[in-house]
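Data block for final-v9.tsv (TSV, C-alpha atoms and all ligand atoms):
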```
chain	number	residue	atom	x	y	z
T	83	MET	CA	6.02	2.27	-31.52
T	84	LYS	CA	7.86	0.08	-29.04
T	85	ILE	CA	5.79	-0.39	-25.92
T	86	SER	CA	8.11	-0.28	-23.01
T	87	LYS	CA	7.31	-2.31	-19.92
T	88	GLY	CA	9.50	-3.11	-16.99
T	89	PHE	CA	9.41	-4.28	-13.41
T	90	ALA	CA	10.16	-1.01	-11.62
T	91	SER	CA	6.87	-0.55	-9.83
T	92	ASP	CA	3.18	-1.17	-10.07
T	93	ASN	CA	2.71	2.57	-10.51
T	94	TYR	CA	4.76	2.53	-13.69
T	95	SER	CA	1.82	0.85	-15.42
T	96	GLY	CA	-0.93	2.77	-17.13
T	97	VAL	CA	-4.60	2.84	-16.24
T	98	HIS	CA	-6.81	-0.23	-16.49
T	99	PRO	CA	-9.11	0.28	-19.52
T	100	LYS	CA	-12.26	-0.17	-17.41
T	101	LEU	CA	-11.08	2.52	-15.01
T	102	LEU	CA	-10.25	4.87	-17.83
T	103	GLU	CA	-13.69	4.19	-19.21
T	104	ALA	CA	-15.18	5.00	-15.80
T	105	ILE	CA	-13.44	8.38	-15.90
T	106	GLN	CA	-14.75	8.95	-19.40
T	107	LYS	CA	-18.29	8.01	-18.38
T	108	ALA	CA	-18.13	10.43	-15.45
T	109	ASN	CA	-17.04	13.14	-17.83
T	110	VAL	CA	-20.53	14.34	-18.69
T	111	GLY	CA	-22.28	17.48	-17.62
T	112	HIS	CA	-21.66	19.10	-14.28
T	113	ALA	CA	-21.56	17.47	-10.87
T	114	GLY	CA	-21.22	18.77	-7.34
T	115	ALA	CA	-17.65	19.57	-6.36
T	116	TYR	CA	-15.62	18.37	-3.35
T	117	GLY	CA	-17.38	15.02	-3.11
T	118	ASN	CA	-20.88	16.33	-3.22
T	119	ASP	CA	-21.82	14.19	-6.20
T	120	GLU	CA	-23.56	10.93	-7.03
T	121	TYR	CA	-20.32	9.13	-8.02
T	122	THR	CA	-18.86	9.70	-4.58
T	123	ALA	CA	-22.06	8.59	-2.86
T	124	ARG	CA	-22.04	5.35	-4.86
T	125	ALA	CA	-18.34	4.74	-4.30
T	126	VAL	CA	-18.75	5.23	-0.54
T	127	LYS	CA	-21.54	2.64	-0.63
T	128	LYS	CA	-19.16	0.20	-2.33
T	129	PHE	CA	-16.55	0.77	0.36
T	130	LYS	CA	-19.13	-0.03	3.03
T	131	GLU	CA	-20.00	-3.27	1.22
T	132	HIS	CA	-16.33	-4.30	1.17
T	133	PHE	CA	-15.12	-2.98	4.52
T	134	GLY	CA	-18.21	-2.98	6.75
T	135	LYS	CA	-21.23	-0.75	7.16
T	136	ASP	CA	-19.79	1.37	9.99
T	137	VAL	CA	-16.60	2.49	8.23
T	138	ASP	CA	-16.09	6.14	7.40
T	139	VAL	CA	-14.23	6.68	4.12
T	140	TYR	CA	-12.54	9.67	2.51
T	141	PHE	CA	-10.82	9.92	-0.85
T	142	VAL	CA	-7.45	11.55	-1.38
T	143	TYR	CA	-4.99	11.90	-4.23
T	144	ASN	CA	-2.05	9.79	-3.16
T	145	GLY	CA	-0.74	7.23	-0.74
T	146	THR	CA	1.52	9.54	1.21
T	147	GLY	CA	-1.49	11.82	1.74
T	148	ALA	CA	-3.60	8.88	2.92
T	149	ASN	CA	-0.98	7.75	5.43
T	150	VAL	CA	-0.12	11.19	6.72
T	151	LEU	CA	-3.67	12.45	7.09
T	152	GLY	CA	-5.01	9.21	8.57
T	153	LEU	CA	-2.26	9.38	11.19
T	154	LYS	CA	-2.77	13.09	11.75
T	155	MET	CA	-6.41	12.37	12.53
T	156	VAL	CA	-5.62	10.07	15.42
T	157	THR	CA	-2.55	11.67	16.96
T	158	GLU	CA	-1.33	14.78	18.75
T	159	SER	CA	2.12	16.24	18.23
T	160	TYR	CA	3.34	14.71	21.49
T	161	ASN	CA	2.62	11.15	20.35
T	162	SER	CA	4.85	8.51	18.83
T	163	ILE	CA	4.08	6.14	15.95
T	164	ILE	CA	5.77	2.76	15.84
T	165	CYS	CA	6.59	1.12	12.51
T	166	ALA	CA	9.16	-1.04	10.72
T	167	GLU	CA	12.41	0.57	9.66
T	168	THR	CA	11.50	-0.39	6.09
T	169	ALA	CA	8.05	1.27	6.23
T	170	HIS	CA	7.20	3.61	3.37
T	171	LEU	CA	6.17	5.97	6.13
T	172	ASN	CA	9.72	5.98	7.40
T	173	VAL	CA	11.82	5.90	4.25
T	174	ASP	CA	9.80	7.17	1.31
T	175	GLU	CA	7.62	10.02	2.51
T	176	CYS	CA	10.23	12.74	2.94
T	177	ASP	CA	9.44	13.04	6.64
T	178	ALA	CA	5.91	14.18	5.79
T	179	PRO	CA	4.49	12.06	8.63
T	180	GLU	CA	6.75	13.78	11.17
T	181	ASN	CA	6.25	17.17	9.55
T	182	PHE	CA	2.45	17.04	9.45
T	183	THR	CA	1.71	15.13	12.63
T	184	GLY	CA	4.59	16.42	14.73
T	185	CYS	CA	4.89	12.86	16.05
T	186	LYS	CA	8.06	10.91	16.63
T	187	LEU	CA	8.43	7.85	14.40
T	188	LEU	CA	9.90	4.96	16.35
T	189	THR	CA	11.22	2.26	14.07
T	190	VAL	CA	12.34	-1.30	14.55
T	191	PRO	CA	14.68	-3.29	12.32
T	192	THR	CA	13.13	-6.14	10.39
T	193	ASP	CA	14.41	-8.77	7.96
T	194	ASP	CA	11.10	-9.39	6.26
T	195	GLY	CA	9.36	-6.02	6.52
T	196	LYS	CA	7.17	-7.17	9.41
T	197	ILE	CA	6.93	-6.10	13.03
T	198	SER	CA	5.42	-8.02	15.92
T	199	VAL	CA	4.46	-7.41	19.51
T	200	GLU	CA	7.74	-9.01	20.55
T	201	LYS	CA	9.74	-6.62	18.33
T	202	ILE	CA	8.04	-3.42	19.42
T	203	LYS	CA	7.17	-3.86	23.07
T	204	HIS	CA	10.39	-2.20	24.29
T	205	LEU	CA	9.08	1.02	22.70
T	206	VAL	CA	5.70	0.94	24.39
T	207	TYR	CA	6.33	2.63	27.72
T	208	GLY	CA	6.41	6.01	29.39
T	209	PHE	CA	2.64	6.56	29.44
T	210	GLY	CA	1.84	9.52	31.61
T	211	ASP	CA	5.47	10.62	31.77
T	212	GLN	CA	5.59	14.23	30.62
T	213	HIS	CA	9.19	13.77	29.42
T	214	HIS	CA	8.32	10.96	27.01
T	215	ALA	CA	6.58	11.03	23.61
T	216	GLN	CA	3.33	9.17	24.25
T	217	PRO	CA	3.00	5.99	22.13
T	218	LYS	CA	-0.24	6.19	20.15
T	219	VAL	CA	-0.18	4.23	16.89
T	220	ILE	CA	1.30	1.01	15.59
T	221	SER	CA	1.56	1.22	11.82
T	222	ILE	CA	2.11	-1.79	9.58
T	223	THR	CA	2.19	-2.18	5.81
T	224	GLN	CA	0.19	-5.00	4.24
T	225	PRO	CA	1.65	-6.43	2.04
T	226	THR	CA	4.95	-5.11	3.35
T	227	GLU	CA	7.42	-3.09	1.33
T	228	LEU	CA	9.33	-6.38	0.94
T	229	GLY	CA	6.42	-8.21	-0.64
T	230	THR	CA	5.67	-10.31	2.42
T	231	LEU	CA	2.37	-10.75	4.23
T	232	TYR	CA	1.14	-10.57	7.78
T	233	SER	CA	-1.16	-13.45	8.69
T	234	LEU	CA	-4.57	-12.63	10.12
T	235	LYS	CA	-3.36	-13.86	13.50
T	236	GLU	CA	-0.36	-11.52	13.44
T	237	ILE	CA	-2.55	-8.52	12.65
T	238	ARG	CA	-5.02	-9.42	15.38
T	239	GLU	CA	-2.22	-9.74	17.90
T	240	LEU	CA	-0.92	-6.28	17.02
T	241	ALA	CA	-4.43	-4.79	17.17
T	242	ASP	CA	-5.15	-6.38	20.55
T	243	TYR	CA	-1.81	-5.23	21.89
T	244	ALA	CA	-2.41	-1.68	20.61
T	245	HIS	CA	-5.86	-1.52	22.18
T	246	LYS	CA	-4.66	-2.97	25.47
T	247	ASN	CA	-2.25	-0.03	25.63
T	248	ASN	CA	-4.81	2.54	24.60
T	249	MET	CA	-3.19	2.78	21.16
T	250	LEU	CA	-4.50	2.29	17.61
T	251	LEU	CA	-3.51	0.09	14.69
T	252	HIS	CA	-2.95	1.71	11.29
T	253	ILE	CA	-2.41	-0.21	8.07
T	254	ASP	CA	-0.68	1.24	5.05
T	255	GLY	CA	-2.63	-0.73	2.46
T	256	ALA	CA	-1.25	0.83	-0.71
T	257	ARG	CA	-1.42	-2.77	-2.06
T	258	LEU	CA	-4.05	-4.17	0.27
T	259	SER	CA	-5.91	-5.78	-2.65
T	260	ASN	CA	-2.84	-7.90	-3.33
T	261	ALA	CA	-2.88	-9.06	0.28
T	262	ALA	CA	-6.57	-9.98	0.17
T	263	ALA	CA	-6.08	-11.86	-3.09
T	264	SER	CA	-3.14	-13.78	-1.72
T	265	LEU	CA	-4.79	-14.58	1.63
T	266	ARG	CA	-8.05	-15.44	-0.17
T	267	LYS	CA	-10.03	-13.29	2.20
T	268	SER	CA	-12.38	-10.36	1.83
T	269	LEU	CA	-11.13	-6.83	2.43
T	270	LYS	CA	-13.00	-6.55	5.72
T	271	GLU	CA	-11.74	-9.91	6.97
T	272	ILE	CA	-8.14	-8.73	6.72
T	273	THR	CA	-8.72	-5.30	8.27
T	274	PHE	CA	-11.62	-4.08	10.40
T	275	TYR	CA	-12.69	-7.58	11.51
T	276	LEU	CA	-9.23	-7.89	13.07
T	277	GLY	CA	-9.42	-4.62	14.97
T	278	VAL	CA	-7.75	-2.22	12.54
T	279	ASP	CA	-8.61	1.40	13.34
T	280	VAL	CA	-7.25	3.38	10.38
T	281	LEU	CA	-6.49	2.14	6.90
T	282	SER	CA	-4.89	3.67	3.82
T	283	PHE	CA	-6.38	1.80	0.86
T	284	GLY	CA	-4.60	1.98	-2.46
T	285	GLY	CA	-6.16	2.43	-5.87
T	286	THR	CA	-3.25	3.68	-7.95
T	287	LYS	CA	-1.10	0.57	-7.72
T	288	ASN	CA	-4.03	-1.61	-8.68
T	289	GLY	CA	-4.89	0.09	-11.96
T	290	MET	CA	-6.34	3.50	-11.15
T	291	MET	CA	-5.00	6.72	-12.65
T	292	PHE	CA	-4.87	8.28	-9.19
T	293	GLY	CA	-6.79	8.06	-5.97
T	294	GLU	CA	-6.47	6.42	-2.59
T	295	ALA	CA	-8.82	6.18	0.38
T	296	VAL	CA	-8.47	6.78	4.09
T	297	ILE	CA	-10.85	4.50	5.94
T	298	PHE	CA	-11.65	4.73	9.62
T	299	ARG	CA	-13.19	1.99	11.76
T	300	ASN	CA	-16.18	4.29	12.40
T	301	LYS	CA	-17.15	7.92	12.75
T	302	ASP	CA	-15.90	8.08	16.34
T	303	VAL	CA	-12.34	7.72	15.02
T	304	SER	CA	-12.75	10.15	12.11
T	305	LYS	CA	-14.31	13.16	13.80
T	306	ASN	CA	-13.34	16.35	11.98
T	307	PHE	CA	-11.35	14.53	9.31
T	308	VAL	CA	-12.87	16.74	6.62
T	309	TYR	CA	-10.94	19.69	8.03
T	310	ILE	CA	-7.72	17.73	8.26
T	311	ARG	CA	-8.06	16.63	4.63
T	312	LYS	CA	-8.66	20.18	3.48
T	313	GLN	CA	-5.77	21.57	5.53
T	314	GLY	CA	-3.67	18.74	4.18
T	315	MET	CA	-4.46	19.86	0.61
T	316	GLN	CA	-5.85	16.47	-0.36
T	317	LEU	CA	-9.45	17.54	-0.97
T	318	ALA	CA	-10.12	16.98	-4.67
T	319	SER	CA	-12.55	19.48	-6.08
T	320	LYS	CA	-13.43	17.27	-9.06
T	321	MET	CA	-13.67	14.30	-6.74
T	322	ARG	CA	-16.06	12.47	-9.04
T	323	PHE	CA	-13.08	11.31	-11.10
T	324	ILE	CA	-11.53	9.53	-8.11
T	325	SER	CA	-14.91	8.20	-6.99
T	326	ALA	CA	-15.91	6.89	-10.42
T	327	GLN	CA	-12.70	4.88	-10.54
T	328	PHE	CA	-13.19	3.45	-7.07
T	329	GLU	CA	-16.79	2.53	-7.85
T	330	GLU	CA	-15.63	0.60	-10.89
T	331	LEU	CA	-12.62	-0.95	-9.13
T	332	LEU	CA	-14.81	-2.26	-6.31
T	333	SER	CA	-17.48	-3.59	-8.70
T	334	ASN	CA	-17.49	-7.00	-10.35
T	335	ASP	CA	-14.30	-7.95	-8.49
T	336	LEU	CA	-12.05	-5.84	-10.70
T	337	TRP	CA	-9.87	-5.04	-7.65
T	338	LEU	CA	-9.48	-8.76	-7.02
T	339	HIS	CA	-8.93	-9.70	-10.63
T	340	ASN	CA	-6.13	-7.11	-11.02
T	341	ALA	CA	-4.48	-8.06	-7.74
T	342	ARG	CA	-4.68	-11.80	-8.39
T	343	HIS	CA	-3.14	-11.26	-11.76
T	344	SER	CA	-0.16	-9.21	-10.56
T	345	ASN	CA	0.41	-11.70	-7.72
T	346	LYS	CA	0.36	-14.56	-10.20
T	347	MET	CA	2.85	-12.82	-12.48
T	348	ALA	CA	5.25	-12.35	-9.55
T	349	ALA	CA	4.93	-16.03	-8.62
T	350	ILE	CA	5.76	-17.08	-12.18
T	351	LEU	CA	8.69	-14.68	-12.33
T	352	ALA	CA	10.09	-16.03	-9.07
T	353	ASP	CA	9.67	-19.66	-10.15
T	354	GLU	CA	11.47	-18.97	-13.40
T	355	VAL	CA	14.39	-16.93	-12.07
T	356	LYS	CA	15.14	-19.26	-9.23
T	357	LYS	CA	16.15	-21.87	-11.81
T	358	ASN	CA	19.28	-19.78	-12.27
T	359	PRO	CA	21.75	-20.87	-9.56
T	360	LYS	CA	23.39	-17.42	-9.49
T	361	ILE	CA	20.17	-15.73	-8.41
T	362	LYS	CA	18.91	-15.88	-4.86
T	363	ILE	CA	15.34	-14.93	-4.03
T	364	THR	CA	15.57	-13.14	-0.69
T	365	GLN	CA	11.97	-12.79	0.46
T	366	LYS	CA	8.88	-14.97	0.37
T	367	VAL	CA	6.93	-14.05	-2.75
T	368	GLN	CA	3.48	-13.51	-1.24
T	369	ALA	CA	2.16	-10.58	-3.27
T	370	ASN	CA	3.27	-8.88	-6.49
T	371	GLY	CA	6.94	-8.21	-5.74
T	372	VAL	CA	10.05	-10.33	-6.13
T	373	PHE	CA	13.29	-9.51	-4.29
T	374	ALA	CA	16.49	-11.15	-5.46
T	375	ILE	CA	20.24	-10.92	-5.16
T	376	LEU	CA	22.08	-11.00	-8.48
T	377	PRO	CA	25.77	-10.85	-9.29
T	378	ARG	CA	26.35	-7.09	-9.25
T	379	GLN	CA	27.99	-6.81	-12.67
T	380	TYR	CA	24.81	-7.88	-14.50
T	381	ILE	CA	22.35	-5.47	-12.95
T	382	SER	CA	23.03	-2.47	-15.15
T	383	LYS	CA	23.07	-4.68	-18.27
T	384	LEU	CA	19.56	-5.90	-17.47
T	385	GLN	CA	18.43	-2.38	-16.58
T	386	LYS	CA	19.35	-1.20	-20.06
T	387	GLU	CA	16.49	-3.32	-21.39
T	388	TYR	CA	14.06	-3.38	-18.48
T	389	PHE	CA	13.78	-0.74	-15.85
T	390	PHE	CA	13.79	-1.93	-12.23
T	391	TYR	CA	15.23	-0.72	-8.96
T	392	THR	CA	18.26	-1.87	-7.06
T	393	TRP	CA	16.85	-2.25	-3.58
T	394	ASN	CA	20.10	-2.60	-1.70
T	395	GLU	CA	23.32	-1.44	-3.34
T	396	GLU	CA	25.47	-3.11	-0.71
T	397	THR	CA	24.07	-6.59	-1.20
T	398	SER	CA	23.12	-6.10	-4.89
T	399	GLU	CA	19.52	-6.95	-4.13
T	400	VAL	CA	16.94	-5.87	-6.67
T	401	ARG	CA	13.18	-5.48	-6.62
T	402	TRP	CA	10.93	-6.61	-9.46
T	403	MET	CA	7.30	-5.54	-9.26
T	404	CYS	CA	4.47	-6.90	-11.39
T	405	SER	CA	1.37	-4.95	-12.37
T	406	PHE	CA	-2.17	-5.64	-13.49
T	407	ASP	CA	-0.90	-5.33	-17.06
T	408	THR	CA	2.19	-7.52	-16.80
T	409	THR	CA	1.77	-10.47	-19.16
T	410	GLU	CA	3.27	-13.96	-19.15
T	411	GLU	CA	5.02	-12.95	-22.39
T	412	ASP	CA	6.62	-10.01	-20.55
T	413	ILE	CA	7.85	-12.40	-17.89
T	414	HIS	CA	9.20	-14.95	-20.37
T	415	ALA	CA	11.02	-12.30	-22.39
T	416	PHE	CA	12.58	-10.85	-19.22
T	417	VAL	CA	13.55	-14.26	-17.92
T	418	ALA	CA	15.09	-15.16	-21.29
T	419	LEU	CA	17.25	-12.05	-21.08
T	420	ILE	CA	18.23	-12.89	-17.50
T	421	GLN	CA	19.23	-16.44	-18.46
T	422	LYS	CA	21.18	-15.20	-21.46
T	423	THR	CA	22.95	-12.54	-19.39
T	424	ILE	CA	23.65	-14.33	-16.12
T	425	LYS	CA	25.46	-17.57	-16.90
N	1	LIG	C1	3.82	0.84	0.84
N	1	LIG	C2	3.49	2.13	0.19
N	1	LIG	N1	2.74	3.03	0.83
N	1	LIG	C3	2.36	4.16	0.25
N	1	LIG	C4	2.73	4.47	-1.01
N	1	LIG	C5	2.17	5.72	-1.61
N	1	LIG	O1	2.93	6.56	-2.26
N	1	LIG	P1	2.47	7.79	-3.16
N	1	LIG	O2	2.40	8.95	-2.24
N	1	LIG	O3	3.56	7.85	-4.12
N	1	LIG	O4	1.13	7.53	-3.77
N	1	LIG	C6	3.58	3.62	-1.72
N	1	LIG	C7	4.08	3.95	-3.07
N	1	LIG	O5	5.14	3.62	-3.48
N	1	LIG	C8	3.96	2.40	-1.11
N	1	LIG	O6	4.74	1.52	-1.74
```
Represent the supplied structure as C-alpha cells.
Amino acid sequence: MKISKGFASDNYSGVHPKLLEAIQKANVGHAGAYGNDEYTARAVKKFKEHFGKDVDVYFVYNGTGANVLGLKMVTESYNSIICAETAHLNVDECDAPENFTGCKLLTVPTDDGKISVEKIKHLVYGFGDQHHAQPKVISITQPTELGTLYSLKEIRELADYAHKNNMLLHIDGARLSNAAASLRKSLKEITFYLGVDVLSFGGTKNGMMFGEAVIFRNKDVSKNFVYIRKQGMQLASKMRFISAQFEELLSNDLWLHNARHSNKMAAILADEVKKNPKIKITQKVQANGVFAILPRQYISKLQKEYFFYTWNEETSEVRWMCSFDTTEEDIHAFVALIQKTIK
C-alpha cells in the first residue's frame, strides 16, 4: 500500500505511536466520566509542572473550542477582542468566536501574522462609553498562522499594555510547542511568566489523536469555566482518553521532541527550496511551516503528487507544513519533484 504523505497541515498526520499506546493503556476497565478519573488528575499535574503551579487547566476536543470557550470565559457580549486579520480566530472558525461570545472581533492587517501595541492602540479606546464595544482581550497566535514567532519581549509588551488598560492577553497556542522548541524556552517561560492570562494549548497538531487544553493564569480567571465548557459542548465524557494522551505528551519531553522535529523538517525544506531561483520564501521560517511564492502554473502539477494548500491565490503563495512524522526522505523526494518541475 502506498503511504501518502504531504505538506498540507500538521493535522493531516496520524497519531504518534506513544500517544496511541497511551490511549490503548487507558483502555482498561472503567474510569470516572467527565474528568473524574486518575488519568485526568495526573495530566493536570503535568500541566502544572510545565505551566506553573497556579494554572487552572481544562481539556476540550478541538482548537476552535479551546479558543472560543477561553474567550467566552473572560468576556461579556458587549466586549471587543483584538487580533490579527490573519488570526485563525478571525478567518477559520466560522464566526464561532462572535457567535458564542457575542463580542466584536477587531482586526488589524499584518504582513507577518503578528500584532504589536503600535498596530492595535488605535482600537483601544471608548472605555466607559455606552455606545462603544468595550475592549477586553488582545489575542495573538504563537507561532502565528504564517509560521512566524513573537519574541518574549513582544509578548510581554502586549501583556503589559493589556493589563494597563484593564484587558487580558489570550494566546492561541495550537502549535505552542513549536514556539517553545524554536525559542528554546520552557512552556511557562513563553506564556504565564510573561503575563498571559488565557491560553489555548494544542495537542492535535503535535501528534495527539484529538484534544486541546484551555489554561487560565489561575482560578480567579477561570471561575465557572466548567459550566461554560459544558454549555459549549466540549465536555468529553470519556475524558481519560484525552488526558492519557496529554500525560504522555508532557512526559519525557515528547512534546518537545515532536515539535523540534517538525521545526527542523521545515528548516530543511526551506533551505532546499530556496536554491531554486524561481521560488521565493515569503516568511521567516521559525516554526514548522514554510510559505513560498511559486510560478502559478506549477502549483497544481505539484499538488497532484503531494497535497498542500495554496495560501493566497492572487499571489500564488503556498503553505507547506511539516509534522512530527515528516522525514528527511519525504523532504528530499518533494524537493526533487519541485526541482524537476520548476526549471
Ligand atoms: C492557529 C490555529 N488555531 C486553532 C486551530 C484549531 O482548529 P481545530 O478547531 O480545527 O482544532 C488551528 C487549526 O488549524 C490553527 O491553525
For this session: Counting all atoms listed in the file, name the residues that have an atom within 9 Å of an atom of ligand LIG 1 (chain N); the answer should be given as number ranges by chain.
Result: T: 91-93, 143-149, 169-171, 174-175, 223-227, 254-257, 282, 284, 286-287, 292-294
Is it possible to get the axis-aligned box enclosing range 196-200 of chain T (all listed atoms, 5 Å extra per side) as lines of an AutoDock Vina configuration file, with centre and edge lengths in Å rounded to one decimal?
```
center_x = 6.1
center_y = -7.6
center_z = 15.0
size_x = 13.3
size_y = 12.9
size_z = 21.1
```
Exercise. Which is closest to Leu384 in chain T among T:Gly88, T:Lys203, T:Tyr140, T:Cys185, if we use all atoms listed in the file?
Worked result: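 Distance minimum relative to Leu384 in chain T lands on T:Gly88.
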Any idea what's packed within 8 Å of His132 in chain T, counting all atoms listed in the file, ignoring anything in its chain fewer than 5 positions away? Could you give it as a PDB file with C-alpha atoms, keeping the file's coordinate frame?
```pdb
ATOM      1  CA  SER T 268     -12.380 -10.360   1.830  1.00  0.00           C
ATOM      2  CA  LEU T 269     -11.130  -6.830   2.430  1.00  0.00           C
ATOM      3  CA  LYS T 270     -13.000  -6.550   5.720  1.00  0.00           C
ATOM      4  CA  LEU T 332     -14.810  -2.260  -6.310  1.00  0.00           C
TER       5      LEU T 332
END
```
Contact residues around Ile375 in chain T with all atoms listed in the file at 6 Å, ignoring same-chain residues under 6 positions, as a CSV table (one decimal) with C-alpha atoms, in the frame of the given file:
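The result, stored in out-v9.csv:
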```csv
chain,number,residue,atom,x,y,z
T,361,ILE,CA,20.2,-15.7,-8.4
T,362,LYS,CA,18.9,-15.9,-4.9
T,398,SER,CA,23.1,-6.1,-4.9
T,399,GLU,CA,19.5,-7.0,-4.1
```
Problem set entry | Residue contacts of Lys267 in chain T (12 Å, only C-alpha atoms) excluding same-chain residues fewer than 5 positions away, as JSON, numbers by chain | {"T": [132, 133, 233, 234, 258, 259, 260, 261, 262, 272, 273, 275, 338, 342]}
Exercise. Of the candidates T:Asp407, T:Glu239, T:Glu167, T:Asp353, which one gets nearest to Glu200 in chain T if we count only C-alpha atoms?
Worked result: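 Of all the options, T:Glu239 lies closest to Glu200 in chain T.
For the pair CA of Lys360 in chain T and CA of Ala415 in chain T, the separation is 18.6 Å.
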Problem set entry | Interatomic distance (Å, one decimal) between CA of Asp138 in chain T and CA of Leu281 in chain T | 10.4 Å
Exercise. Counting all atoms listed in the file, what is within 7 Å of range 119-131 of chain T, bar same-chain residues fewer than 2 positions away, as a PyMOL selection string?
Worked result: chain T and resi 113-115+117+133-135+137+139+322+325-326+328-329+332
Exercise. Closest to Glu411 in chain T among T:Ile350, T:Leu231, T:Val355, T:Leu151, using only C-alpha atoms?
Worked result: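 Using only C-alpha atoms, the shortest distance to Glu411 in chain T belongs to T:Ile350.
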Exercise. Using all atoms listed in the file, which residue out of T:Asn288, T:Phe389, T:Gly184, T:Tyr243 lies closest to Leu276 in chain T?
Worked result: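 Under the stated criterion, the closest residue is T:Tyr243.
Coordinates place CA of Ser95 in chain T at a distance of 20.9 Å from CA of Ser333 in chain T.
With all atoms listed in the file as the basis for measurement, T:Ser221 is the residue among T:Asn370, T:Thr423, T:Ser221, T:Ser304 that approaches Val278 in chain T most closely.
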Would you give me, as a tab-separated table, each residue of range 325-385 of chain T having an atom within 10 Å of an atom of range 188-198 of chain T, along with its shortest atom pair and that distance in Å to one decimal, using all atoms listed in the file and sorting by chain and residue number?
```
residue	atom	partner	partner_atom	distance
T:Thr364	CA	T:Asp194	CA	9.1
T:Gln365	CA	T:Asp194	CA	6.8
T:Lys366	CA	T:Asp194	CA	8.4
```
